Amino acid sequence: MNNRIIIVPCFNEDGCIKSVIEEIASHQPAAEVVVINDGSTDMTSQAARSTGTASVIDLPVNLGVGGAVQTGFKFAHKRKADYAIKVDGDGQHPAAAVDSLLLPLMNGEADLVIASRFLSPNMGYQSSFSRRIGSKVIQWLCQMLTGIRITDPTSGYRAYNSRAISFMARHYPTFDYPEPEEIVLAARNGLRIIEIPVEMRDRQAGISTISSSMSIYYMLKVTLAMIFIFLRPIEKIKE
Amino acid sequence: MEKIQLIAILGSIFFMIGVIELIRRKQIKEAYALLWLIFGTVFVVFSIWKKGLDFIASLVGVYYPPALLFLVMMVAIVLILIQFSVVISRNNDKVKNLAQEIALLKKQIEDENKPGNKN
């Protein structure tokens, strides 16, 4: 049996972290669920611990999504995990899809698998209009920089093999919204990326990390970060 | 000697003494103080050797010699600010790595203290 670690980064998600963990545990009883509590000011840590099924890592200070996710990769790397799956703590990502995310990794077709809400035939949650425009711009930029077409570049629901885990443990972008950047970084450094359709839900509780007034700032930052990753030298991947 | 020159000499010397004193008391690391010291020296030199400023200004084609001082000062400030950005970014990275390390170690200690632990 291969060992798989499910990384759940969260910041102030005590409203739904419990149901997220329980859902994962019911679909993936063999996997280790690791909640990375990014310096939450609410009861997230206690709520996650109360389930008894999740490992909880409490960051002493708030590092932002990038720093929290990287902590998960460092942990998975330390545990010598074969696969890591990243699931958001807000309940948008259905745990039933974990096995289909892992399939391309197990078949050796990819190092990184992204769940796309836009590839799905039954649409499910598609987010707001302005979000979709932003998503299109990022998608176009991604394609310009890497040559691959990613329909859902901001999706945080992803699976990684051990090669990708060891790379991300060392080089994960420490940016607030690292998803699009991660694609450019992975593609630039020779990780193979595949997208599969997954129907997503709307968030169950909490607020989005990107408010509408922040979206222009977000777009600028993401664009800049992606271009600079493209300009940086390629890192060596240790097997 | 003109009054303004005396003020310039005193001002730049006091500035240098201030910077040196901060380094001596380890309030500024030598590496970060290098730029302050270099530009402080430039100002001391030009306030004493006024002809030198006129000479260099005419060499580079600046008609009004004091404007050269402003230029040097602005270049100095920009360089120092860029150095600060570099240092802050590096420190951010170090703090991030330390925080992650602490969190992972705390987790490890927790696991080891758990009765019947897996490791």
# chains A, B, ... in the order shown; residues from 1 in each chain; ligands from 1
>>> closest_atom_pairs(of="chain A", to="chain B", cutoff="7 Å", atoms="only C-alpha atoms", output="JSON lines")
{"residue": "A:Ile57", "atom": "CA", "partner": "B:Lys107", "partner_atom": "CA", "distance": 5.9}
{"residue": "A:Asp58", "atom": "CA", "partner": "B:Ala103", "partner_atom": "CA", "distance": 5.7}
{"residue": "A:Leu59", "atom": "CA", "partner": "B:Ala103", "partner_atom": "CA", "distance": 5.1}
{"residue": "A:Pro60", "atom": "CA", "partner": "B:Ala99", "partner_atom": "CA", "distance": 6.2}
{"residue": "A:Val61", "atom": "CA", "partner": "B:Ala99", "partner_atom": "CA", "distance": 6.9}
{"residue": "A:Leu63", "atom": "CA", "partner": "B:Lys96", "partner_atom": "CA", "distance": 6.7}
{"residue": "A:Gly67", "atom": "CA", "partner": "B:Lys96", "partner_atom": "CA", "distance": 6.8}
{"residue": "A:Thr71", "atom": "CA", "partner": "B:Gln100", "partner_atom": "CA", "distance": 5.7}
{"residue": "A:Phe75", "atom": "CA", "partner": "B:Leu104", "partner_atom": "CA", "distance": 6.9}
>>> write_last_selection(atoms="C-alpha atoms", output="PDB file, in the first residue's frame")
ATOM      1  CA  ILE A  57       0.442  21.222  12.465  1.00  0.00           C
ATOM      2  CA  ASP A  58       0.111  24.651  14.072  1.00  0.00           C
ATOM      3  CA  LEU A  59       2.232  27.384  12.510  1.00  0.00           C
ATOM      4  CA  PRO A  60       3.373  29.828  15.195  1.00  0.00           C
ATOM      5  CA  VAL A  61       2.705  32.819  12.923  1.00  0.00           C
ATOM      6  CA  LEU A  63       2.600  32.733   6.784  1.00  0.00           C
ATOM      7  CA  GLY A  67       3.997  29.143   3.418  1.00  0.00           C
ATOM      8  CA  THR A  71       4.829  23.226   5.413  1.00  0.00           C
ATOM      9  CA  PHE A  75       5.941  17.223   6.252  1.00  0.00           C
TER      10      PHE A  75
END
>>> residues_around(residues="Val87 (chain A)", least_positions_apart="6", cutoff="12 Å", atoms="only C-alpha atoms", output="short mmCIF file (atom, residue, chain, number, x, y, z; two decimals) with N, CA and C atoms, in the first residue's frame")
data_model
loop_
_atom_site.label_atom_id
_atom_site.label_comp_id
_atom_site.auth_asym_id
_atom_site.auth_seq_id
_atom_site.Cartn_x
_atom_site.Cartn_y
_atom_site.Cartn_z
N ILE A 5 -0.65 11.36 1.71
CA ILE A 5 -0.90 12.38 2.71
C ILE A 5 -1.82 13.43 2.11
N ILE A 6 -2.84 13.78 2.86
CA ILE A 6 -3.76 14.80 2.36
C ILE A 6 -3.49 16.10 3.12
N ILE A 7 -3.04 17.11 2.38
CA ILE A 7 -2.66 18.37 3.00
C ILE A 7 -3.87 19.32 2.98
N VAL A 8 -4.26 19.78 4.14
CA VAL A 8 -5.39 20.72 4.22
C VAL A 8 -4.91 22.03 4.86
N PRO A 9 -4.53 23.01 4.04
CA PRO A 9 -4.11 24.29 4.63
C PRO A 9 -5.35 25.05 5.07
N CYS A 10 -5.33 25.65 6.26
CA CYS A 10 -6.50 26.44 6.61
C CYS A 10 -6.18 27.59 7.55
N ILE A 17 -14.02 22.98 9.07
CA ILE A 17 -12.85 22.10 8.99
C ILE A 17 -13.19 20.68 9.43
N VAL A 20 -14.91 18.83 6.68
CA VAL A 20 -13.94 18.56 5.60
C VAL A 20 -13.10 17.33 5.95
N ILE A 21 -12.60 17.31 7.20
CA ILE A 21 -11.76 16.18 7.64
C ILE A 21 -12.56 14.88 7.64
N GLU A 23 -15.18 14.15 5.91
CA GLU A 23 -15.47 13.72 4.54
C GLU A 23 -14.26 13.02 3.92
N ILE A 24 -13.07 13.60 4.13
CA ILE A 24 -11.85 12.98 3.59
C ILE A 24 -11.63 11.61 4.23
N VAL A 33 -4.39 12.54 7.08
CA VAL A 33 -4.87 13.91 6.84
C VAL A 33 -4.05 14.87 7.70
N VAL A 34 -3.40 15.81 7.06
CA VAL A 34 -2.59 16.78 7.79
C VAL A 34 -3.20 18.16 7.64
N VAL A 35 -3.67 18.71 8.74
CA VAL A 35 -4.22 20.07 8.71
C VAL A 35 -3.10 21.04 9.05
N ILE A 36 -2.83 21.98 8.15
CA ILE A 36 -1.83 23.00 8.44
C ILE A 36 -2.58 24.24 8.89
N VAL A 69 1.07 25.80 2.78
CA VAL A 69 1.09 24.64 1.89
C VAL A 69 2.49 24.03 1.85
N GLY A 72 3.14 21.69 4.55
CA GLY A 72 2.56 20.39 4.25
C GLY A 72 3.48 19.54 3.39
N HIS A 93 -13.81 21.32 -2.12
CA HIS A 93 -13.26 20.19 -2.89
C HIS A 93 -13.83 18.85 -2.42
N PRO A 94 -14.59 18.17 -3.26
CA PRO A 94 -15.20 16.90 -2.87
C PRO A 94 -14.15 15.80 -2.74
N ALA A 95 -14.09 15.17 -1.57
CA ALA A 95 -13.06 14.16 -1.30
C ALA A 95 -13.25 12.91 -2.15
N ALA A 96 -14.44 12.73 -2.70
CA ALA A 96 -14.70 11.55 -3.52
C ALA A 96 -13.80 11.52 -4.76
N ALA A 97 -13.25 12.69 -5.13
CA ALA A 97 -12.45 12.77 -6.36
C ALA A 97 -10.98 12.43 -6.15
N VAL A 98 -10.58 12.17 -4.90
CA VAL A 98 -9.15 11.94 -4.62
C VAL A 98 -8.57 10.81 -5.46
N LEU A 101 -7.93 11.78 -8.95
CA LEU A 101 -6.78 12.68 -9.05
C LEU A 101 -5.48 11.88 -9.01
N ILE A 114 -4.17 18.42 -11.61
CA ILE A 114 -5.01 19.53 -11.17
C ILE A 114 -6.48 19.19 -11.42
N ALA A 115 -7.33 19.41 -10.40
CA ALA A 115 -8.76 19.22 -10.57
C ALA A 115 -9.35 20.49 -11.19
N SER A 155 -7.36 26.65 -9.41
CA SER A 155 -7.85 25.54 -8.60
C SER A 155 -6.77 25.10 -7.62
N GLY A 156 -7.17 24.94 -6.35
CA GLY A 156 -6.21 24.54 -5.32
C GLY A 156 -6.26 23.04 -5.05
N TYR A 157 -7.15 22.35 -5.76
CA TYR A 157 -7.33 20.91 -5.54
C TYR A 157 -6.37 20.16 -6.46
N ARG A 158 -5.29 19.65 -5.88
CA ARG A 158 -4.22 19.08 -6.70
C ARG A 158 -3.60 17.86 -6.05
N ALA A 159 -2.99 17.01 -6.87
CA ALA A 159 -2.30 15.83 -6.35
C ALA A 159 -0.87 15.80 -6.89
N TYR A 160 0.05 15.30 -6.06
CA TYR A 160 1.47 15.33 -6.38
C TYR A 160 2.10 13.98 -6.13
N MET A 200 -16.95 20.96 -8.48
CA MET A 200 -16.67 21.59 -7.18
C MET A 200 -17.95 22.13 -6.56
#
>>> atom_distance(atom1="CA of Ala164 (chain A)", atom2="CA of Asp111 (chain A)")
5.8 Å
>>> residues_around(residues="region 28-45 of chain B", least_positions_apart="4", cutoff="6 Å", atoms="only C-alpha atoms", output="list in words")
Ser12, Met16, Leu22, Ile23 and Trp49 of chain B
>>> write_last_selection(atoms="N, CA, C and O atoms", output="JSON list (two decimals), in the first residue's frame")
[["chain", "number", "residue", "atom", "x", "y", "z"],
["B", 12, "SER", "N", 28.11, 67.25, 7.93],
["B", 12, "SER", "CA", 28.51, 65.94, 7.41],
["B", 12, "SER", "C", 29.43, 65.21, 8.39],
["B", 12, "SER", "O", 29.40, 63.98, 8.47],
["B", 16, "MET", "N", 28.74, 61.54, 10.07],
["B", 16, "MET", "CA", 29.70, 60.44, 10.07],
["B", 16, "MET", "C", 29.93, 59.91, 11.49],
["B", 16, "MET", "O", 29.98, 58.70, 11.71],
["B", 22, "LEU", "N", 26.98, 54.33, 15.86],
["B", 22, "LEU", "CA", 25.97, 53.26, 15.78],
["B", 22, "LEU", "C", 26.62, 51.91, 15.45],
["B", 22, "LEU", "O", 26.23, 50.88, 15.98],
["B", 23, "ILE", "N", 27.63, 51.94, 14.57],
["B", 23, "ILE", "CA", 28.33, 50.69, 14.23],
["B", 23, "ILE", "C", 29.10, 50.19, 15.45],
["B", 23, "ILE", "O", 29.08, 49.01, 15.76],
["B", 49, "TRP", "N", 36.39, 70.35, 0.43],
["B", 49, "TRP", "CA", 37.07, 70.65, -0.84],
["B", 49, "TRP", "C", 36.03, 71.15, -1.85],
["B", 49, "TRP", "O", 35.60, 70.43, -2.72]]
>>> residues_around(residues="Lys221 (chain A)", least_positions_apart="3", cutoff="12 Å", atoms="only C-alpha atoms", output="short mmCIF file (atom, residue, chain, number, x, y, z; two decimals) with N, CA and C atoms, in the first residue's frame")
data_model
loop_
_atom_site.label_atom_id
_atom_site.label_comp_id
_atom_site.auth_asym_id
_atom_site.auth_seq_id
_atom_site.Cartn_x
_atom_site.Cartn_y
_atom_site.Cartn_z
N ILE A 138 -5.38 34.61 -16.55
CA ILE A 138 -4.30 33.81 -15.97
C ILE A 138 -4.04 32.58 -16.84
N PHE A 175 4.05 32.90 -1.99
CA PHE A 175 3.17 33.98 -2.33
C PHE A 175 1.80 33.73 -1.70
N ASP A 176 0.99 34.78 -1.51
CA ASP A 176 -0.32 34.61 -0.87
C ASP A 176 -1.26 33.70 -1.65
N TYR A 177 -1.23 33.81 -2.98
CA TYR A 177 -2.14 33.00 -3.82
C TYR A 177 -1.29 32.23 -4.82
N PRO A 178 -0.75 31.10 -4.39
CA PRO A 178 0.33 30.48 -5.17
C PRO A 178 -0.09 29.60 -6.35
N PRO A 180 -1.57 29.71 -9.54
CA PRO A 180 -1.11 29.88 -10.92
C PRO A 180 0.42 29.85 -11.03
N GLU A 181 1.06 30.42 -10.01
CA GLU A 181 2.51 30.46 -9.99
C GLU A 181 3.10 29.06 -9.96
N MET A 214 -9.80 43.45 -3.78
CA MET A 214 -8.41 43.01 -3.83
C MET A 214 -8.07 42.39 -5.18
N SER A 215 -9.09 42.20 -6.05
CA SER A 215 -8.84 41.37 -7.22
C SER A 215 -7.87 41.99 -8.22
N ILE A 216 -7.89 43.33 -8.36
CA ILE A 216 -6.96 43.97 -9.30
C ILE A 216 -5.54 43.81 -8.78
N TYR A 217 -5.39 44.01 -7.49
CA TYR A 217 -4.10 43.82 -6.84
C TYR A 217 -3.64 42.38 -7.01
N TYR A 218 -4.59 41.45 -6.81
CA TYR A 218 -4.29 40.03 -6.97
C TYR A 218 -3.80 39.73 -8.38
N LEU A 224 2.79 39.27 -12.28
CA LEU A 224 4.20 39.57 -12.03
C LEU A 224 4.95 38.33 -11.56
N ALA A 225 4.34 37.63 -10.60
CA ALA A 225 4.99 36.44 -10.03
C ALA A 225 5.20 35.38 -11.10
N MET A 226 4.19 35.20 -11.97
CA MET A 226 4.31 34.18 -13.02
C MET A 226 5.43 34.53 -13.99
N ILE A 227 5.49 35.80 -14.38
CA ILE A 227 6.52 36.22 -15.33
C ILE A 227 7.91 36.05 -14.73
N PHE A 228 8.04 36.40 -13.44
CA PHE A 228 9.37 36.28 -12.83
C PHE A 228 9.80 34.84 -12.63
#
>>> closest_residue(among="A:Asn107, A:Leu191, A:Phe118, A:Asp14", to="Arg49 (chain A)", atoms="only C-alpha atoms")
A:Asp14
>>> select_by_dssp(residues="region 94-204 of chain A", states="helix (DSSP H, G or I)", output="ChimeraX atom specification")
/A:95-106,129-146,162-171,179-188
>>> closest_residue(among="B:Gln5, B:Asn113, B:Ser85, B:Ser47", to="Leu69 (chain B)", atoms="only C-alpha atoms")
B:Ser47
>>> residues_around(residues="His171 (chain A)", least_positions_apart="4", cutoff="9 Å", atoms="only C-alpha atoms", output="PyMOL selection string")
chain A and resi 70+166-167+185+235
>>> residues_around(residues="Gln92 (chain A)", least_positions_apart="4", cutoff="7 Å", atoms="only C-alpha atoms", output="list in words")
Asp88, Met200, Arg201, Asp202 and Arg203 of chain A
>>> atom_distance(atom1="CA of Val60 (chain B)", atom2="CA of Ile48 (chain B)")
20.2 Å
>>> residues_around(residues="Asp99 (chain A)", least_positions_apart="3", cutoff="10 Å", atoms="only C-alpha atoms", output="short mmCIF file (atom, residue, chain, number, x, y, z; two decimals) with N, CA, C and O atoms, in the first residue's frame")
data_model
loop_
_atom_site.label_atom_id
_atom_site.label_comp_id
_atom_site.auth_asym_id
_atom_site.auth_seq_id
_atom_site.Cartn_x
_atom_site.Cartn_y
_atom_site.Cartn_z
N HIS A 27 -13.78 8.87 2.81
CA HIS A 27 -13.42 8.41 1.47
C HIS A 27 -12.02 7.81 1.40
O HIS A 27 -11.73 6.99 0.56
N GLN A 28 -11.12 8.28 2.26
CA GLN A 28 -9.72 7.86 2.22
C GLN A 28 -9.26 7.42 3.61
O GLN A 28 -8.42 8.07 4.23
N ILE A 85 -2.04 15.00 -1.61
CA ILE A 85 -3.20 15.64 -2.22
C ILE A 85 -3.49 16.89 -1.41
O ILE A 85 -3.55 16.84 -0.19
N ALA A 95 -14.09 15.17 -1.57
CA ALA A 95 -13.06 14.16 -1.30
C ALA A 95 -13.25 12.91 -2.15
O ALA A 95 -12.30 12.15 -2.34
N ALA A 96 -14.44 12.73 -2.70
CA ALA A 96 -14.70 11.55 -3.52
C ALA A 96 -13.80 11.52 -4.76
O ALA A 96 -13.57 10.47 -5.35
N LEU A 102 -5.49 10.80 -8.23
CA LEU A 102 -4.26 10.01 -8.06
C LEU A 102 -3.98 9.10 -9.25
O LEU A 102 -2.83 8.73 -9.48
N LEU A 103 -5.03 8.78 -10.02
CA LEU A 103 -4.87 7.80 -11.09
C LEU A 103 -3.74 8.14 -12.09
O LEU A 103 -2.87 7.30 -12.33
N PRO A 104 -3.71 9.37 -12.63
CA PRO A 104 -2.62 9.69 -13.59
C PRO A 104 -1.23 9.61 -12.94
O PRO A 104 -0.27 9.27 -13.63
N MET A 106 -0.41 7.46 -10.49
CA MET A 106 -0.11 6.04 -10.32
C MET A 106 0.24 5.38 -11.65
O MET A 106 1.07 4.47 -11.69
N ALA A 159 -2.99 17.01 -6.87
CA ALA A 159 -2.30 15.83 -6.35
C ALA A 159 -0.87 15.80 -6.89
O ALA A 159 -0.61 16.24 -8.01
#
>>> select_by_dssp(residues="region 13-234 of chain A", states="strand (DSSP E or B)", output="PyMOL selection string")
chain A and resi 32-37+54-58+83-86+112-116+158-161+193-197
>>> atom_distance(atom1="CA of Asp82 (chain A)", atom2="CA of Ala169 (chain A)")
13.6 Å
